[in-house]
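Student: I have a structure I would like to understand better, so I am pasting it below and will then ask my questions one at a time.
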There are 2 protein chains.
Amino acid sequence: MAQKPSIPKGTRDFGPVEMAKRNYIFNTIREVYALYGFRPIETPAMENLSTLMGKYGEEGDKLLFKILNSGDFRSAVTPDEYAERSSAQLAPRFCEKGLRYDLTVPFARYVVQHREELQMPFKRYQIQPVWRADRPQKGRYREFYQCDADVVGSDSLLNEVELMQIVDEVFTRFGIRVCIKINNRKILSGIAEMIGAADKIVDITVAIDKLDKIGLDNVNAELREAGLSEEAVAKLQPIISLSGTNDEKLATMRTVLAESETGLKGVEEVAFVLQSLQASNLKNAIELDLTLARGLNYYTGCIFEVKALDVQIGSITGGGRYDNLTGIFGLPGLSGVGISFGADRIYDVLGQLDLYPRETQSGVSLLFINFGASEAACCLRLAAEARRAGIATEVYPDSVKMKKQMSYANAQQVPFVALVGESEMAEGCLALKNMATGDQQRVTIAEAIAIIKDFSQSK
Amino acid sequence: MAQKPSIPKGTRDFGPVEMAKRNYIFNTIREVYALYGFRPIETPAMENLSTLMGKYGEEGDKLLFKILNSGDFRSAVTPDEYAERSSAQLAPRFCEKGLRYDLTVPFARYVVQHREELQMPFKRYQIQPVWRADRPQKGRYREFYQCDADVVGSDSLLNEVELMQIVDEVFTRFGIRVCIKINNRKILSGIAEMIGAADKIVDITVAIDKLDKIGLDNVNAELREAGLSEEAVAKLQPIISLSGTNDEKLATMRTVLAESETGLKGVEEVAFVLQSLQASNLKNAIELDLTLARGLNYYTGCIFEVKALDVQIGSITGGGRYDNLTGIFGLPGLSGVGISFGADRIYDVLGQLDLYPRETQSGVSLLFINFGASEAACCLRLAAEARRAGIATEVYPDSVKMKKQMSYANAQQVPFVALVGESEMAEGCLALKNMATGDQQRVTIAEAIAIIKDFSQSK
């Protein structure tokens, strides 16, 4: 016998039970996006490598899955060249295409390519898989879904406000309690400027970003290693350890950043977003967190991240404002802002907190047991009536032992089973069994439909 | 300025309008599958090449998109080997993975890999993209969706019956009039046997399959070229030209195939399926077509294909019974039967016949015009109320010229626009404009919600 087949490491199969849960997540996010006027798009799994390369840093280029040119790919590289070149040099010669690494770069490419057809501001959402040749580990996959929403072509902070409302609404629908953290890249730039280390902004944000994980002393050590003077490190302390309400923090930062135009602009942007949200009664807390940095360098304004309160897990949603993402494709001056829900982590959180709705766990509502050819013919007709009434229904296809058919019903968690034997056929009725209570009654198909509909609505 | 970016040939972007239509297609198919007890699964885009190679014939192997091994792929092939080998020989050395070519082979792999968890019969549907390095041409893409449903682990012909009911239901919901064609591979084998050319079964089916396209004379010429004797060709004539009702055709075939056990079995299988379907009052005609062959060699029993009656286009759905698909992965003896809807062709047919429902064409129901900061703050609150009532709503994010905002509303085909200026704010109301009629009235947000809901329901 052949070896049991398998799938590439870091990839997953999703069976019916997992699919029901995942669809619950995607549909919830989709519904809320649509409620706010975001409209769906899809882009191809494969993009030209020229679109993808250089957009995710050197490390990102290595993590791109590249697709071998079809046909005679070998003709692009002579044996002499092959002997002299490295894998990294050869890959772009053998491959013109790669699998998308995220949804943001394909979106920027989409906006530039279709700019003549698009009405600005353009609000799109996109829920599709992405692929990264990362080392697989717990909770990290080589194929995973992203659920992004972005607005391009509008500088207005109302977009930030609405995205935070969306985040609040989605997690409220899920029943997951979260804290939404907000910061602004201009504030971080202002801080770097203020302590005389504008050129060290990346090092500073990377170090501060780790505060939760490694503690204040280690953060300070990293700052010194990055070349910050003792004076600069000292100046940073009140900012890193800043506490109090959002209003208190904003007041402090207005003082600290009094001489940085950029910094003050960041403070006012955050103040506007927080103030607008106050009026809209979010169900979840939103907190100005000056240590929030977000790794991606294309962010230029507000940035946000969402933490679950009741489960220990990394950020489950994130996003921010980027002022020039389409510039790399030749269309400068188009500002955008977006968020991305982390479906895989949300999946885990919903599971750990046992928050999946009951209906995500079952298949059909009614199964007809098969007692033989003539009975099955009768069941087909009755099943058609149930389906016309909108009830998902199966007829067991084989007239095998009753026990086997009932164990199928149990495994599928079917709530009702219909038995149609000779006497039921003669009387034009069926025996309807409630699988939870064991109750069995003789009813017409119309009565059975009413009972099942009643049951589904009462769930 | 950089060159305008593009996507790989044979791939497509789907914008909001196309997405709405595609989702209408996928959701309709999904709903009907679920109504019959099929449950969704998803498999990874990448499969091991060992899973895919050799399953689609030599031509198929060439059409697989192969993924370059990440990291140091070059170390697998020395410069000497590189100099000596062809592209076809090198590809499997540089690549361990490929993109899936269809959903059937990954499904067979899935069933074998997860057989201990699966309850038989296992009814699954799967709607995912597949990739083929075909030469792109009109209506043929390198990335396209398949919408498959299969049952494995049951020999019962009731599965064939239900799949035909599903086909009938899906096209009835679409409003596309179709003819469902059915045949059986055992009948074709019986015919080949009967004319003394059992070894020529493939040539015979390929030739007969072309009857519609090239006519009887050319089919006969092909049969002779394939090495069939004049006697065999003569014997085939009454079968190829067979006409009449399904019952008349079945009666003839029972006589013609009287001495072929296999052939007779095929006839009885088709007779059972047709008889069962007669009782279920299909909306569309189903026709026994002895010239239907279907290219794929794994089919062993009933085969079917669907033709649109009102549009000139190839088959828009197809499928059949296969007795040993999981055998290639080491699990013999598991019979399956499935269908696949051709989403891209259905998309074209719905478009040509103008059958898309109206609601697949619009975005939100309500847009708030933005007159400035304080008005916008008020609009945010009113928009939140409309959304709580389930009405998809946008607030235009920038306070730009009225004309620009109204042209956005027109482009998005928004049915209602809300205007909230100083006087409306003072009175706690809004001016609601019906974009189709031009009517404008002063109402409270509660009244506006009622009007919009009324409008949506009356559509």
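Naming works like this for the structure tokens: A, B, ... for the chains as they're shown, residue 1 at the start of each chain, ligands 1 onward in shown order.
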With 6 Å as the cut-off and only C-alpha atoms counted, what is the closest atom pair between each nearby residue of chain B and chain A? Distances in Å to one decimal, ordered by chain and number, as a Markdown table.
Tutor:
| residue | atom | partner | partner_atom | distance |
| --- | --- | --- | --- | --- |
| B:Met1 | CA | A:Gly330 | CA | 5.3 |
| B:Ala2 | CA | A:Gly330 | CA | 4.8 |
| B:Pro5 | CA | A:Gln113 | CA | 5.9 |
| B:Ile7 | CA | A:Glu47 | CA | 5.7 |
| B:Pro8 | CA | A:Asn48 | CA | 5.9 |
| B:Asp13 | CA | A:Thr43 | CA | 4.6 |
| B:Phe14 | CA | A:Glu42 | CA | 5.1 |
| B:Gly15 | CA | A:Ile41 | CA | 4.8 |
| B:Pro16 | CA | A:Pro40 | CA | 5.2 |
| B:Leu35 | CA | A:Ala392 | CA | 3.9 |
| B:Tyr36 | CA | A:Thr393 | CA | 5.5 |
| B:Gly37 | CA | A:Glu394 | CA | 5.5 |
| B:Arg39 | CA | A:Pro16 | CA | 5.6 |
| B:Pro40 | CA | A:Pro16 | CA | 5.3 |
| B:Ile41 | CA | A:Gly15 | CA | 4.8 |
| B:Glu42 | CA | A:Phe14 | CA | 5.1 |
| B:Thr43 | CA | A:Asp13 | CA | 4.6 |
| B:Glu47 | CA | A:Ile7 | CA | 5.7 |
| B:Asn48 | CA | A:Pro8 | CA | 5.9 |
| B:Lys66 | CA | A:Leu68 | CA | 5.6 |
| B:Ile67 | CA | A:Ile67 | CA | 4.5 |
| B:Leu68 | CA | A:Lys66 | CA | 5.5 |
| B:Asp72 | CA | A:Ser87 | CA | 5.4 |
| B:Arg74 | CA | A:Ser87 | CA | 5.4 |
| B:Pro79 | CA | A:Ala83 | CA | 5.2 |
| B:Ala83 | CA | A:Pro79 | CA | 5.2 |
| B:Ser87 | CA | A:Arg74 | CA | 5.4 |
| B:Gln113 | CA | A:Pro5 | CA | 5.9 |
| B:Ser156 | CA | A:Asp398 | CA | 5.6 |
| B:Leu158 | CA | A:Pro397 | CA | 5.6 |
| B:Gly330 | CA | A:Ala2 | CA | 4.8 |
| B:Val364 | CA | A:Gly37 | CA | 5.5 |
| B:Ala392 | CA | A:Leu35 | CA | 3.9 |
| B:Thr393 | CA | A:Tyr36 | CA | 5.5 |
| B:Glu394 | CA | A:Gly37 | CA | 5.5 |
| B:Pro397 | CA | A:Leu158 | CA | 5.6 |
| B:Asp398 | CA | A:Ser156 | CA | 5.6 |
Student: Run DSSP on the backbone and give me the residues of range 59-304 of chain A it puts in helix (DSSP H, G or I), as an MDAnalysis selection string.
Tutor: chainID A and resid 59:63 73:76 79:84 87:94 104:113 158:174 185:194 198:209 211:225 230:240 246:256 261:278
Student: Of the candidates B:Val273, B:Val337, B:Ala293, B:Ile191, which shows the shortest atom-to-atom distance to Thr255 in chain B, using only C-alpha atoms?
Tutor: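 Looking only at the distances to Thr255 in chain B, the closest residue turns out to be B:Ile191.
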Student: Counting only C-alpha atoms, figure out which residue out of B:Asp289, B:Asp102, B:Asp344, B:Glu230 gets nearest to Ile208 in chain B.
Tutor: B:Asp289
Student: Identify, with DSSP run on backbone atoms, the residues in range 251-435 of chain B assigned to strand (DSSP E or B), and express the list as number ranges by chain.
Tutor: B: 285-288, 302-308, 317-322, 336-341, 366-368, 393-395, 416-419, 430-434
Student: Name the residues in contact with Ser315 in chain B at a cut-off of 12 Å, using only C-alpha atoms, excluding same-chain residues fewer than 5 positions from it; report them as a list in words.
Tutor: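 In the requested form, the answer reads Val178, Cys179, Ile180, Lys181, Leu292, Arg294, Phe304, Glu305, Val306, Lys307, Ala308, Leu309, Ser340, Phe341, Gly342, Ala343, Asp344, Arg345, Ile346 and Val349 of chain B.
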Student: Do a neighbour search on Thr28 in chain A at 10 Å with only C-alpha atoms, toss out local chain neighbours closer than 2 positions, and write the hits as a list in words.
Tutor: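 After dropping sequence-adjacent residues, the list is Arg22, Asn23, Tyr24, Ile25, Phe26, Arg30, Glu31, Val32, Tyr33, Glu169, Val170, Phe171, Arg173 and Phe174 of chain A.
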Student: Can you write out the residues you just picked, keeping C-alpha atoms, as a compact mmCIF listing (two decimals), in the first residue's frame?
Tutor:
# COMPACT_ATOMS: atom_id res chain seq x y z
CA ARG A 22 -14.22 29.88 10.16
CA ASN A 23 -17.19 30.93 8.06
CA TYR A 24 -18.83 32.33 11.18
CA ILE A 25 -15.73 34.51 11.67
CA PHE A 26 -15.46 35.60 8.03
CA ARG A 30 -17.86 40.70 6.16
CA GLU A 31 -21.27 41.85 7.45
CA VAL A 32 -19.78 44.62 9.55
CA TYR A 33 -17.50 45.80 6.75
CA GLU A 169 -18.65 46.18 16.55
CA VAL A 170 -16.92 43.01 15.30
CA PHE A 171 -15.57 42.03 18.72
CA ARG A 173 -20.61 40.52 17.94
CA PHE A 174 -18.04 37.84 18.73
Student: Set the distance at 9 Å and use only C-alpha atoms: which residues neighbour Val270 in chain B once local chain neighbours fewer than 6 positions away are removed? I'd like the list as a VMD selection string.
Tutor: chain B and resid 182 to 184 250 288 302
Student: By how many Å are CA of Asp310 in chain B and CA of Thr172 in chain B apart?
Tutor: 13.7 Å
